[in-house]
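Q: Compact mmCIF, C-alpha atoms, file final11.txt:
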# COMPACT_ATOMS: atom_id res chain seq x y z
CA MET A 1 19.82 -8.76 -12.31
CA TYR A 2 16.51 -7.79 -13.83
CA PRO A 3 15.18 -9.35 -17.01
CA GLN A 4 15.41 -7.35 -20.19
CA LYS A 5 12.43 -5.20 -21.07
CA GLN A 6 9.49 -7.34 -22.05
CA THR A 7 6.58 -6.57 -24.30
CA VAL A 8 3.44 -6.57 -22.17
CA ILE A 9 0.09 -6.48 -23.92
CA ASN A 10 -2.69 -4.76 -22.00
CA GLU A 11 -5.62 -6.89 -23.15
CA ASP A 12 -8.18 -4.71 -21.36
CA ALA A 13 -6.93 -1.43 -22.80
CA SER A 14 -9.07 0.33 -25.36
CA ASN A 15 -5.95 1.68 -27.08
CA SER A 16 -4.39 -1.04 -29.24
CA ASN A 17 -1.10 0.89 -29.30
CA TRP A 18 -0.35 -0.20 -25.75
CA ASN A 19 2.03 -2.89 -26.96
CA ASP A 20 4.95 -2.13 -24.68
CA LEU A 21 4.19 -0.81 -21.23
CA THR A 22 7.86 -0.45 -20.35
CA ASP A 23 8.18 2.32 -22.96
CA VAL A 24 5.00 3.91 -21.61
CA ILE A 25 6.42 3.84 -18.08
CA ASP A 26 9.70 5.33 -19.32
CA GLU A 27 7.81 8.18 -20.95
CA ALA A 28 5.65 8.70 -17.87
CA LEU A 29 8.71 8.92 -15.63
CA LYS A 30 10.42 11.41 -17.92
CA GLN A 31 7.27 13.52 -18.37
CA HIS A 32 6.33 13.43 -14.66
CA CYS A 33 2.99 11.77 -15.38
CA PHE A 34 2.79 9.90 -12.07
CA SER A 35 0.88 11.36 -9.15
CA MET A 36 -0.18 10.34 -5.67
CA VAL A 37 -3.66 9.96 -4.19
CA TYR A 38 -4.63 9.14 -0.61
CA GLN A 39 -7.44 6.95 0.70
CA PRO A 40 -8.56 7.52 4.31
CA LEU A 41 -8.32 4.88 7.03
CA ILE A 42 -11.12 5.20 9.58
CA SER A 43 -11.26 3.87 13.13
CA VAL A 44 -14.29 1.61 13.58
CA GLN A 45 -14.53 2.43 17.28
CA THR A 46 -14.33 6.23 17.08
CA GLY A 47 -15.29 6.97 13.47
CA ARG A 48 -12.26 9.25 13.22
CA ILE A 49 -9.56 9.25 10.58
CA VAL A 50 -6.34 7.58 11.69
CA GLY A 51 -4.34 7.73 8.49
CA PHE A 52 -4.17 7.28 4.73
CA GLU A 53 -2.94 4.72 2.27
CA SER A 54 -0.79 6.28 -0.44
CA LEU A 55 -1.61 5.09 -3.97
CA VAL A 56 0.17 5.94 -7.21
CA ARG A 57 -1.65 6.91 -10.40
CA CYS A 58 -0.50 7.49 -13.98
CA ASP A 59 -2.06 9.77 -16.58
CA SER A 60 0.01 9.65 -19.76
CA PRO A 61 -0.45 12.42 -22.35
CA THR A 62 0.02 9.77 -25.03
CA PHE A 63 -1.89 6.79 -23.64
CA GLY A 64 -4.26 8.37 -21.13
CA VAL A 65 -4.98 6.92 -17.70
CA ILE A 66 -3.10 3.68 -17.03
CA SER A 67 -4.23 1.34 -14.28
CA PRO A 68 -1.78 0.48 -11.48
CA CYS A 69 -2.84 -3.13 -12.06
CA ASP A 70 -1.06 -2.77 -15.41
CA PHE A 71 1.97 -0.59 -14.77
CA ILE A 72 3.03 -1.86 -11.32
CA PRO A 73 3.60 -5.53 -12.33
CA CYS A 74 5.34 -4.41 -15.50
CA ALA A 75 7.58 -2.00 -13.58
CA GLU A 76 8.48 -4.80 -11.16
CA GLN A 77 9.43 -7.12 -14.02
CA SER A 78 11.55 -4.52 -15.80
CA GLY A 79 13.18 -3.01 -12.70
CA GLN A 80 11.58 0.38 -13.32
CA ILE A 81 9.92 0.01 -9.91
CA LEU A 82 13.22 1.15 -8.36
CA GLU A 83 13.02 4.61 -9.91
CA LEU A 84 9.25 4.81 -9.54
CA GLY A 85 9.39 3.56 -5.96
CA SER A 86 12.00 6.13 -4.97
CA TRP A 87 9.80 8.88 -6.37
CA ILE A 88 6.75 7.51 -4.54
CA PHE A 89 8.58 7.48 -1.20
CA GLN A 90 9.78 11.04 -1.63
CA GLN A 91 6.47 12.47 -2.84
CA ALA A 92 4.36 10.61 -0.30
CA LEU A 93 6.50 11.70 2.66
CA LEU A 94 6.56 15.29 1.42
CA ASP A 95 2.77 15.13 1.29
CA LEU A 96 2.64 13.58 4.77
CA LYS A 97 4.76 16.44 6.07
CA ARG A 98 2.31 18.92 4.59
CA MET A 99 -0.68 17.05 6.08
CA ARG A 100 0.90 17.15 9.51
CA ASN A 101 1.72 20.84 9.14
CA GLN A 102 -1.93 21.55 8.36
CA GLY A 103 -3.41 20.02 11.46
CA MET A 104 -3.37 16.24 10.93
CA GLN A 105 -0.71 15.62 13.55
CA ASN A 106 -1.80 12.15 14.62
CA ILE A 107 -2.25 10.43 11.27
CA CYS A 108 -0.15 7.64 9.81
CA LEU A 109 0.71 7.08 6.16
CA SER A 110 0.85 3.61 4.61
CA LEU A 111 3.39 3.03 1.85
CA ASN A 112 3.25 0.02 -0.45
CA VAL A 113 6.69 -1.50 -0.98
CA SER A 114 7.66 -4.02 -3.64
CA PRO A 115 9.84 -7.04 -2.88
CA VAL A 116 11.96 -5.90 -5.83
CA GLN A 117 12.75 -2.71 -3.93
CA LEU A 118 13.57 -4.64 -0.76
CA LEU A 119 15.92 -7.01 -2.55
CA HIS A 120 17.61 -4.68 -5.04
CA THR A 121 17.97 -1.33 -3.32
CA ASN A 122 18.53 0.04 0.17
CA VAL A 123 14.92 0.83 1.04
CA TYR A 124 15.83 1.28 4.70
CA GLU A 125 18.37 4.00 3.94
CA GLN A 126 16.06 5.70 1.44
CA LEU A 127 13.12 5.95 3.80
CA MET A 128 15.00 6.71 6.99
CA SER A 129 16.93 9.51 5.26
CA LEU A 130 13.65 11.09 4.14
CA ILE A 131 12.07 10.62 7.58
CA VAL A 132 15.01 12.33 9.28
CA GLU A 133 15.28 15.09 6.66
CA LEU A 134 11.57 15.91 6.83
CA GLN A 135 11.44 15.50 10.62
CA ILE A 136 8.58 13.00 10.45
CA PRO A 137 8.07 10.67 13.43
CA PRO A 138 8.98 7.14 12.23
CA SER A 139 5.86 5.83 13.97
CA ALA A 140 3.78 7.82 11.44
CA VAL A 141 5.01 5.59 8.61
CA LYS A 142 3.67 2.12 7.83
CA LEU A 143 5.12 -0.21 5.20
CA GLU A 144 2.76 -2.60 3.43
CA LEU A 145 3.93 -5.74 1.65
CA THR A 146 1.72 -8.41 0.08
CA GLU A 147 1.98 -11.83 1.69
CA THR A 148 3.14 -13.48 -1.54
CA ALA A 149 6.17 -11.17 -1.42
CA LEU A 150 7.34 -12.82 1.82
CA ILE A 151 8.42 -15.92 -0.07
CA HIS A 152 11.01 -13.89 -2.03
CA ASP A 153 14.22 -14.31 -0.01
CA PRO A 154 12.52 -14.26 3.41
CA GLN A 155 15.81 -13.90 5.31
CA THR A 156 16.79 -10.67 3.55
CA ILE A 157 13.32 -9.18 3.82
CA CYS A 158 13.13 -10.13 7.49
CA LYS A 159 16.41 -8.29 8.19
CA VAL A 160 15.13 -5.15 6.47
CA PHE A 161 11.85 -5.29 8.39
CA ASN A 162 13.63 -5.76 11.70
CA ALA A 163 15.77 -2.70 10.97
CA PHE A 164 12.65 -0.64 10.31
CA LYS A 165 10.94 -1.91 13.45
CA GLN A 166 13.93 -0.87 15.54
CA GLU A 167 13.28 2.66 14.27
CA ASP A 168 9.56 2.40 15.16
CA VAL A 169 8.40 2.12 11.53
CA GLN A 170 5.48 -0.31 11.36
CA VAL A 171 5.31 -3.28 8.98
CA TRP A 172 1.97 -4.54 7.69
CA LEU A 173 0.87 -7.48 5.57
CA ASP A 174 -1.41 -6.39 2.72
CA ASP A 175 -4.13 -8.39 0.93
CA PHE A 176 -4.07 -11.06 3.63
CA GLY A 177 -5.71 -14.33 2.60
CA THR A 178 -4.90 -14.13 -1.12
CA GLY A 179 -1.30 -15.36 -1.09
CA PHE A 180 0.80 -18.18 0.24
CA ALA A 181 2.12 -16.91 3.57
CA SER A 182 1.99 -19.41 6.42
CA LEU A 183 1.30 -18.57 10.05
CA SER A 184 4.94 -19.31 10.81
CA LEU A 185 5.93 -16.45 8.51
CA LEU A 186 3.73 -14.07 10.50
CA ARG A 187 5.73 -14.97 13.58
CA LYS A 188 9.08 -14.80 11.78
CA PHE A 189 8.45 -11.38 10.29
CA ASN A 190 7.05 -9.90 13.52
CA ILE A 191 4.24 -8.15 11.62
CA ASP A 192 2.40 -5.22 13.25
CA GLY A 193 -0.88 -5.66 11.42
CA LEU A 194 -2.90 -7.34 8.69
CA LYS A 195 -5.14 -5.98 5.94
CA ILE A 196 -8.03 -8.23 4.93
CA ASP A 197 -8.31 -8.30 1.16
CA ARG A 198 -11.35 -6.62 -0.40
CA SER A 199 -12.34 -9.83 -2.17
CA PHE A 200 -13.36 -11.29 1.22
CA VAL A 201 -14.88 -8.10 2.60
CA SER A 202 -17.14 -7.73 -0.46
CA GLY A 203 -18.95 -10.96 0.38
CA ILE A 204 -18.96 -10.72 4.16
CA ALA A 205 -22.67 -9.84 4.35
CA ASP A 206 -24.02 -12.55 2.05
CA ASN A 207 -21.39 -15.28 1.77
CA ASN A 208 -20.88 -17.62 4.71
CA GLU A 209 -17.36 -18.57 3.64
CA ASP A 210 -16.23 -14.94 3.41
CA PHE A 211 -17.86 -14.16 6.75
CA THR A 212 -16.15 -17.13 8.38
CA LEU A 213 -12.77 -16.22 6.93
CA CYS A 214 -13.00 -12.56 7.99
CA SER A 215 -14.14 -13.45 11.49
CA ALA A 216 -11.33 -16.02 11.82
CA VAL A 217 -8.67 -13.58 10.64
CA ILE A 218 -9.88 -10.86 13.01
CA ALA A 219 -9.99 -13.30 15.93
CA MET A 220 -6.50 -14.56 15.12
CA ALA A 221 -5.13 -11.03 14.84
CA GLN A 222 -6.63 -10.10 18.20
CA ARG A 223 -5.03 -13.12 19.89
CA LEU A 224 -1.65 -12.34 18.30
CA GLY A 225 -1.87 -8.69 19.31
CA LEU A 226 -2.00 -7.50 15.71
CA HIS A 227 -3.96 -4.55 14.36
CA ILE A 228 -6.42 -5.28 11.57
CA VAL A 229 -7.67 -3.22 8.62
CA ALA A 230 -10.48 -4.28 6.29
CA GLU A 231 -10.17 -3.06 2.70
CA GLY A 232 -12.89 -2.37 0.18
CA VAL A 233 -15.75 -1.49 2.54
CA GLU A 234 -18.56 -0.24 0.33
CA THR A 235 -21.82 -0.83 2.25
CA GLU A 236 -23.21 -0.08 5.68
CA SER A 237 -23.93 -3.77 6.25
CA GLN A 238 -20.28 -4.64 5.66
CA LEU A 239 -19.20 -1.93 8.08
CA GLN A 240 -21.68 -3.07 10.73
CA ILE A 241 -20.51 -6.69 10.55
CA LEU A 242 -16.84 -5.69 10.72
CA SER A 243 -17.61 -3.55 13.74
CA GLN A 244 -19.36 -6.46 15.47
CA LEU A 245 -16.39 -8.73 14.72
CA GLY A 246 -13.99 -6.27 16.34
CA CYS A 247 -12.16 -4.95 13.29
CA ASP A 248 -9.95 -1.98 14.20
CA VAL A 249 -9.84 0.13 11.04
CA VAL A 250 -11.66 0.20 7.69
CA GLN A 251 -11.11 1.74 4.29
CA GLY A 252 -13.19 1.78 1.15
CA TYR A 253 -15.51 3.88 -0.97
CA LEU A 254 -18.12 4.00 1.79
CA LEU A 255 -15.64 5.94 3.94
CA GLY A 256 -13.79 7.85 1.25
CA LYS A 257 -12.32 7.48 -2.21
CA PRO A 258 -8.64 8.08 -3.01
CA GLN A 259 -8.12 11.81 -3.48
CA THR A 260 -5.31 14.15 -4.48
CA LEU A 261 -3.37 15.89 -1.73
CA GLU A 262 -5.28 19.13 -2.22
CA LYS A 263 -8.67 17.43 -1.97
CA THR A 264 -7.46 15.36 0.97
CA LEU A 265 -6.43 18.50 2.84
CA SER A 266 -9.74 20.16 2.00
CA LEU A 267 -11.80 17.21 3.20
CA TRP A 268 -9.88 16.04 6.24
CA SER A 269 -7.47 18.61 7.65
Before we go any further, please render this structure as structure tokens.
A:
Amino acid sequence: MYPQKQTVINEDASNSNWNDLTDVIDEALKQHCFSMVYQPLISVQTGRIVGFESLVRCDSPTFGVISPCDFIPCAEQSGQILELGSWIFQQALLDLKRMRNQGMQNICLSLNVSPVQLLHTNVYEQLMSLIVELQIPPSAVKLELTETALIHDPQTICKVFNAFKQEDVQVWLDDFGTGFASLSLLRKFNIDGLKIDRSFVSGIADNNEDFTLCSAVIAMAQRLGLHIVAEGVETESQLQILSQLGCDVVQGYLLGKPQTLEKTLSLWS
């Protein structure tokens, strides 16, 4: 069971009327105020695009633009992430189908999934039904889950992940290094790849600790046969260091900002 709706104060918001984000989310769902944007994933070795990460945005006619950092945690607490997550899956895969139809046949799409969705709804059935209906190769879909989410009923989540992997849907660990996942969990969950959190990438060129951590994670991933993506790449020096360390794929403002489907097709198709 989910907790009853909670009042969540957005302390950073300029609008003091944001005193209950659950009501804002309800309105946004009813008024179709959510939209998807896509950030490119670029191969370090070839410089070519290999896929996109799908990201949800909200522009409320009443409250204006609402940050995902605000509405996602609130939606997870209230259970609204189930309705929002279902919409995200459907819209993102429809957009992926359109991308593939317009020439981007070899790209993959990364979908962020909440542990609430994994534990309280049949995510496997939802996604596989859409994949079959839209005739999308399962290998073109990647699921991303933060490492802190692995501690929420690991046995159940592991079963869901194994079911996806049997269908050739990849499973990735997002924001690696910021949570509490142990190396034993990496083995248990049979992860396909890791994403190094932007907080470490931002300091890789001028902070010895961040450089050491990134190099260690990349080396570990290589030995385990995992793919590796570095998030938040914003400078040429960061990109050069990641290339030297053997990072597979990068994303960040240096390579491309999140864009609507139409702009994504115009820029990349």
Q: Would you kindly return, as number ranges by chain, each protein, DNA or RNA residue with an atom no farther than 9 Å from any atom of Val217 of chain A, considering all atoms listed in the file and excluding same-chain residues fewer than 6 positions away?
A: A: 176-177, 194, 196, 228
Q: So what do you get for atom CA of Leu119 of chain A versus atom CA of Gln155 of chain A, distance-wise?
A: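 Rounded to one decimal, the two atoms are 10.5 Å apart.
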Q: Got a sec: who's within 9 Å of Glu144 of chain A, counting all atoms listed in the file, leaving out chain neighbours fewer than 2 positions off, as a list in words?
A: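 Near neighbours after the sequence-gap exclusion: Ser110, Leu111, Asn112, Val113, Ser114, Lys142, Thr146, Gln170, Val171, Trp172, Leu173, Asp174 and Lys195 of chain A.
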Q: Write a file of the selected residues as a PDB file, in the coordinates of the input, keeping C-alpha atoms.
A:
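To be explicit, this is the file written out as again27.pdb:
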ATOM      1  CA  SER A 110       0.850   3.610   4.610  1.00  0.00           C
ATOM      2  CA  LEU A 111       3.390   3.030   1.850  1.00  0.00           C
ATOM      3  CA  ASN A 112       3.250   0.020  -0.450  1.00  0.00           C
ATOM      4  CA  VAL A 113       6.690  -1.500  -0.980  1.00  0.00           C
ATOM      5  CA  SER A 114       7.660  -4.020  -3.640  1.00  0.00           C
ATOM      6  CA  LYS A 142       3.670   2.120   7.830  1.00  0.00           C
ATOM      7  CA  THR A 146       1.720  -8.410   0.080  1.00  0.00           C
ATOM      8  CA  GLN A 170       5.480  -0.310  11.360  1.00  0.00           C
ATOM      9  CA  VAL A 171       5.310  -3.280   8.980  1.00  0.00           C
ATOM     10  CA  TRP A 172       1.970  -4.540   7.690  1.00  0.00           C
ATOM     11  CA  LEU A 173       0.870  -7.480   5.570  1.00  0.00           C
ATOM     12  CA  ASP A 174      -1.410  -6.390   2.720  1.00  0.00           C
ATOM     13  CA  LYS A 195      -5.140  -5.980   5.940  1.00  0.00           C
TER      14      LYS A 195
END
Q: Quick one: distance from atom CA of Gln222 of chain A to atom CA of Asn190 of chain A in Å, one decimal?
A: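 Between atom CA of Gln222 of chain A and atom CA of Asn190 of chain A the gap works out to 14.5 Å.
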Q: Check the smallest atom-to-atom distance from each of A:Gln45, A:Thr212, A:Thr148, A:Gln135 to Asn101 of chain A using all atoms listed in the file, then report the winner.
A: A:Gln135
Q: When you count all atoms listed in the file, which of these residues is closest to Gln117 of chain A: A:Ala92, A:Met36, A:Val160, A:Ile25?
A: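 The closest residue to Gln117 of chain A is A:Val160.
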Q: Here's a test: counting only C-alpha atoms, identify every protein, DNA and RNA residue with an atom at most 9 Å from (4.7, 5.9, -10.6) in the file's coordinate frame, and state them as a ChimeraX atom specification.
A: /A:25,28-29,32-36,56-58,68,71-72,75,81,83-85,87-88
Q: So which one's closest to Glu125 of chain A, A:Lys97, A:Ala163, A:Met104, A:Val233? Using all atoms listed in the file, please.
A: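 Among the listed residues, A:Ala163 lies closest to Glu125 of chain A.
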Q: How many Å separate atom CA of Glu167 of chain A from atom CA of Glu76 of chain A?
A: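 For atom CA of Glu167 of chain A relative to atom CA of Glu76 of chain A, the distance reads 26.9 Å.
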Q: Could you please give me, as a PyMOL selection string, the residues of protein, DNA or RNA lying at most 10 Å from (-14.2, -3.2, 18.7) in the coordinate frame of the file, considering all atoms listed in the file?
A: chain A and resi 43-46+242-249
Q: Which of these, A:Leu109, A:Leu127, A:Leu41, A:Ile157, has the shortest distance to Gly252 of chain A once you count only C-alpha atoms?
A: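 Among the listed residues, A:Leu41 lies closest to Gly252 of chain A.
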Q: Using only C-alpha atoms, which of A:Val123, A:Leu96, A:Val65, A:Val24 sits nearest Gln80 of chain A?
A: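 Counting only C-alpha atoms, the residue closest to Gln80 of chain A is A:Val24.
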Q: Using only C-alpha atoms, which residue out of A:Ser86, A:Gln31, A:Ser266, A:Asp95 lies closest to Pro61 of chain A?
A: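 For Pro61 of chain A, the nearest of the candidates is A:Gln31.
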Q: For Leu226 of chain A, work out the shell of residues within 8 Å, counting only C-alpha atoms and skipping chain neighbours fewer than 6 positions away, then give it as number ranges by chain.
A: A: 191-194
Q: List the spatial neighbours of Ala205 of chain A as an MDAnalysis selection string - criterion: any atom at most 12 Å away, all atoms listed in the file, same-chain residues fewer than 6 positions off excluded.
A: chainID A and resid 211:212 214:215 233:242
